[in-house]
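Single-structure report; data block below.
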Amino acid sequence: MQQMMNNTPEKKVSAGLQNMVRAIIVAGAIFTALFLVLLIYNGYRQYVQNTGSATLITELKIELLADPENEQLIERIREVDRDYRADRLRRLDFSGLGSLMLLISAAVTIGARKWQAHLMKINPEPCTDNMEPFKRLGLTKGRVSLIVLASLITGLAMLLNQYTPSGYISALRAGAKGQPSYASYEELALNWHRFRGLEGAGLAPFTSIPERWDISTGEGIMWKTEIPLPGFNSPIVWQDRVFVSGADEKKRQVYCFDALTGAILWTGDVPGAPAGDRKIDVMEDTGFAASTMATDGKRVYAIFATGDLAAFDFKGRLVWHKNLGIPVSLYGYASSLEVYKDRVLVQYDQAGANDGKSKLYAFDGATGSMVWESKRDVPNSWTTPIVIKKGETFQLITVADPWVISYNPEDGKEIWRARSVKGDVGASPIVAGNLAIAIAPDLHNVAIKIDGSGDVSQTHIAWTNDDVGPTIISPVSDGSSVFYLDTYGTLYNVSLEDGKLIYEHDFNENINASPTLVEERMYVLTIDGTMFIGRAGENGFNVEASNPVGERCYATPAFMPGRIYIRGEEHLYCIGYEKP
């Protein structure tokens, strides 16, 4: 009996506590139902909005094809697109926050229910009324419980509010560890993520790159895979995946290859806006897929001669697509893509300098929404922009008649410009040391100091060279000299310090691909499919090896540790002896 009396107090529970737990269960159930209803309604409204806006945008674009000069229609399309994306982001924000609130309220309800079940095993006994202070304020147990629960949810909502509006989605993209939703500059340097690698410099900082192979015996050929659709774009590589694009008059596709086996892991179809009565004219030398893709390590981006720009995730799912309008271009659109952080950058030069059609775009990689756009007073061009890093700052450098222009990739604002090129500019720039190297056809090359601001045409041009002038092939620099290669196979070595010609070497071959430096060796791929490998000495260029690929090649190869990826006219090749 004495033992029972000693145990009794431990088993007795305040009736007020039981009432409070019961009130929390009711309130939690109400909040759970409320958030569920709101989420369902939000999803329905998002579906309706997506369908309506997509239909309206398509109809407006069809109207625009019939009247491409209608500025009011163009502005209307932009307005609808901005409103649609803003509404979509708001609803995505609400969906994410609402889902978390739903989980929290459901967890509170379930937890309180389990607590109640535990308390019901214990017989309640009358006890001191702990609610007396609240009764003086006119509050009942139920009201106090509701206030406690509401305060809990409100506090959690305020804590999560730092991620909204769009910041919440950014937090989800960043992942549980808080990592950014894009590759760092150092990660980009470890891959071949764009045309000619990091900063478009044509420098491969990798080891064990093959120097000899035999196409007849297969020695040194890791794999060879047919590419379904034609294209002149170069391969890009991210870790264990290789990407190229292909297109014809009817289809536009992106291909993802396994870097080890050459198997096509997936094919991504890119939608296209109706062309209407306007015929898309492309040159045989550019075709419908001349532009090299780019990746930020999370998504891959592709653009085509039709103005169709698309993003895919690494599983092959189309993330977004937009049509920038069929470019007005003499030779067809051929500028390749660049990335900066989580943005894809597009140099969309077209028509004449005074037509107001040329623009530089930055699109959000995850949503396709426009981050910024800059109008350019230049005509159509075929150069590719480069993002370069100096210290802790970045510059986005572009080339088109008559300007070399540097922008801030963060907001698209101009940093400096130099009137220094002219004509149908096709070769892309590079930066060597503190100089931006740009090429204009008709024998004109220029080096511009990149530390200026405003119009630096009279103050920052370090030197010009009017003895050499490639038309489409981009240069490369070893830090002390610049190498220019023309389409007829002549290699020119020019001093980086003063631009004077040091020597020239003739490969006696036609060439379209840009050269690449791997340590002290240069790799030069000819149109007939021969890869020349040699060293640049003080007295000239010494060819050490020449390896045939087996088919015609127009694209610039991609490089990774132990491997070379070469796009031929019909196949993608992996040259190497070591596994990735």
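Going through the structure tokens in order, the chains are called A, B, and so on, while each chain numbers its residues from 1 and the ligands are numbered from 1 in the order shown.
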So that I can check the surroundings of Met293 of chain A, please list as an NGL selection string every protein, DNA and RNA residue that reaches within 9 Å of it, counting only C-alpha atoms and ignoring chain neighbours fewer than 2 positions away. :A and (193-195 or 233-236 or 243-245 or 291 or 295 or 300-303 or 336-338)
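Neighbouring residues of Tyr331 of chain A at 9 Å or closer, counting only C-alpha atoms and skipping chain neighbours under 5 positions away, are Asp281, Val282, Met283, Glu284, Asp285, Thr286 and Trp382 of chain A.
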Leaving out Gly287 of chain A and any residue of its chain fewer than 3 positions from it, which residues lie within 9 Å of it when counting only C-alpha atoms, given as a PyMOL selection string? chain A and resi 230-232+247-248+281-284+290+305+332-334
Those selected residues, please, written with N, CA and C atoms and delivered as a PDB file, in the first residue's frame.
ATOM      1  N   PRO A 230      23.698  16.687 -88.274  1.00  0.00           N
ATOM      2  CA  PRO A 230      24.929  17.440 -88.561  1.00  0.00           C
ATOM      3  C   PRO A 230      25.076  18.684 -87.707  1.00  0.00           C
ATOM      4  N   GLY A 231      26.298  19.169 -87.609  1.00  0.00           N
ATOM      5  CA  GLY A 231      26.578  20.393 -86.866  1.00  0.00           C
ATOM      6  C   GLY A 231      28.063  20.706 -86.939  1.00  0.00           C
ATOM      7  N   PHE A 232      28.390  21.993 -86.805  1.00  0.00           N
ATOM      8  CA  PHE A 232      29.785  22.427 -86.835  1.00  0.00           C
ATOM      9  C   PHE A 232      30.273  22.834 -85.453  1.00  0.00           C
ATOM     10  N   ALA A 247      21.487  19.685 -85.923  1.00  0.00           N
ATOM     11  CA  ALA A 247      20.209  20.222 -86.391  1.00  0.00           C
ATOM     12  C   ALA A 247      20.140  20.172 -87.911  1.00  0.00           C
ATOM     13  N   ASP A 248      18.902  20.146 -88.411  1.00  0.00           N
ATOM     14  CA  ASP A 248      18.642  20.341 -89.833  1.00  0.00           C
ATOM     15  C   ASP A 248      17.442  21.272 -89.945  1.00  0.00           C
ATOM     16  N   ASP A 281      17.620  31.146 -93.959  1.00  0.00           N
ATOM     17  CA  ASP A 281      18.732  30.897 -94.868  1.00  0.00           C
ATOM     18  C   ASP A 281      20.008  30.721 -94.053  1.00  0.00           C
ATOM     19  N   VAL A 282      20.688  29.613 -94.276  1.00  0.00           N
ATOM     20  CA  VAL A 282      21.971  29.382 -93.619  1.00  0.00           C
ATOM     21  C   VAL A 282      22.996  29.011 -94.677  1.00  0.00           C
ATOM     22  N   MET A 283      24.230  29.389 -94.420  1.00  0.00           N
ATOM     23  CA  MET A 283      25.311  29.008 -95.326  1.00  0.00           C
ATOM     24  C   MET A 283      25.715  27.563 -95.074  1.00  0.00           C
ATOM     25  N   GLU A 284      26.287  26.965 -96.082  1.00  0.00           N
ATOM     26  CA  GLU A 284      26.748  25.588 -95.936  1.00  0.00           C
ATOM     27  C   GLU A 284      27.843  25.491 -94.875  1.00  0.00           C
ATOM     28  N   ALA A 290      25.842  25.653 -85.632  1.00  0.00           N
ATOM     29  CA  ALA A 290      27.250  26.061 -85.634  1.00  0.00           C
ATOM     30  C   ALA A 290      27.743  26.468 -84.253  1.00  0.00           C
ATOM     31  N   ALA A 305      20.623  28.219 -85.208  1.00  0.00           N
ATOM     32  CA  ALA A 305      20.485  29.281 -86.200  1.00  0.00           C
ATOM     33  C   ALA A 305      19.061  29.823 -86.261  1.00  0.00           C
ATOM     34  N   GLY A 332      24.502  33.343 -91.338  1.00  0.00           N
ATOM     35  CA  GLY A 332      23.887  32.431 -90.377  1.00  0.00           C
ATOM     36  C   GLY A 332      24.474  32.636 -88.993  1.00  0.00           C
ATOM     37  N   TYR A 333      23.695  32.377 -87.965  1.00  0.00           N
ATOM     38  CA  TYR A 333      24.145  32.629 -86.599  1.00  0.00           C
ATOM     39  C   TYR A 333      25.176  31.579 -86.186  1.00  0.00           C
ATOM     40  N   ALA A 334      26.306  32.008 -85.614  1.00  0.00           N
ATOM     41  CA  ALA A 334      27.368  31.070 -85.270  1.00  0.00           C
ATOM     42  C   ALA A 334      28.063  31.388 -83.957  1.00  0.00           C
TER      43      ALA A 334
END
Give the answer as one residue: which of A:Asp478, A:Glu520, A:Glu199, A:Glu410 has the shortest atom-to-atom distance to Glu186 of chain A, using only C-alpha atoms? A:Glu199
List as number ranges by chain the protein and nucleic acid residues near Ile450 of chain A, meaning an atom at most 10 Å away when only C-alpha atoms are counted, but skip any in the same chain fewer than 4 places from it. A: 390, 395, 397, 405-406, 415-417, 431, 433-436, 456, 460-461
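Compared by their closest atoms to Trp192 of chain A, and using only C-alpha atoms, the residues A:Val328, A:Ala427, A:Ala204, A:Ile566 rank with A:Ala204 nearest.
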From the options A:Ser495, A:Thr556, A:Asn323, A:Asn19, which residue's atoms come nearest to Thr306 of chain A, counting only C-alpha atoms? A:Asn323
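Checking A:Val404, A:Ile40, A:Ile25, A:Met222 one by one against Arg376 of chain A, counting only C-alpha atoms, you find the shortest gap at A:Val404.
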His571 of chain A environment, 7 Å, only C-alpha atoms, sequence neighbours closer than 3 positions dropped, as a PyMOL selection string: chain A and resi 224-227+567-568
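Taking only C-alpha atoms, the non-local environment of Val543 of chain A within 7 Å (same-chain residues fewer than 3 positions away omitted) comprises A:Phe532, A:Ile533, A:Gly534, A:Arg535.
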Since we have the selection now, will you write its residues out, keeping C-alpha atoms, as a PDB file, in the first residue's frame?
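Output contents, as saved in out_35.pdb:
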ATOM      1  CA  PHE A 532      49.431  18.066 -86.229  1.00  0.00           C
ATOM      2  CA  ILE A 533      51.268  18.176 -82.909  1.00  0.00           C
ATOM      3  CA  GLY A 534      54.431  20.175 -82.410  1.00  0.00           C
ATOM      4  CA  ARG A 535      56.416  22.682 -80.420  1.00  0.00           C
TER       5      ARG A 535
END
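Pairwise distance (atom CA of Pro548 of chain A, atom CA of Trp213 of chain A) equals 8.2 Å.
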Strand (DSSP E or B) positions in segment 282-498 of chain A, given as a PyMOL selection string: chain A and resi 294-295+299-303+308-313+318-323+338-340+343-348+359-364+370-375+386-390+393-400+403-407+414-419+430-432+435-440+444-449+454-455+461-465+476-477+481-485+490-495
How many Å lie between atom CA of Ser514 of chain A and atom CA of Val425 of chain A, rounded to one decimal? 15.1 Å
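Using only C-alpha atoms, the contacts of Leu265 of chain A at a cut-off of 9 Å, with sequence neighbours closer than 3 positions omitted, comprise Arg241, Tyr255, Cys256, Phe257, Asp258, Gly262, Lys315 and Gly316 of chain A.
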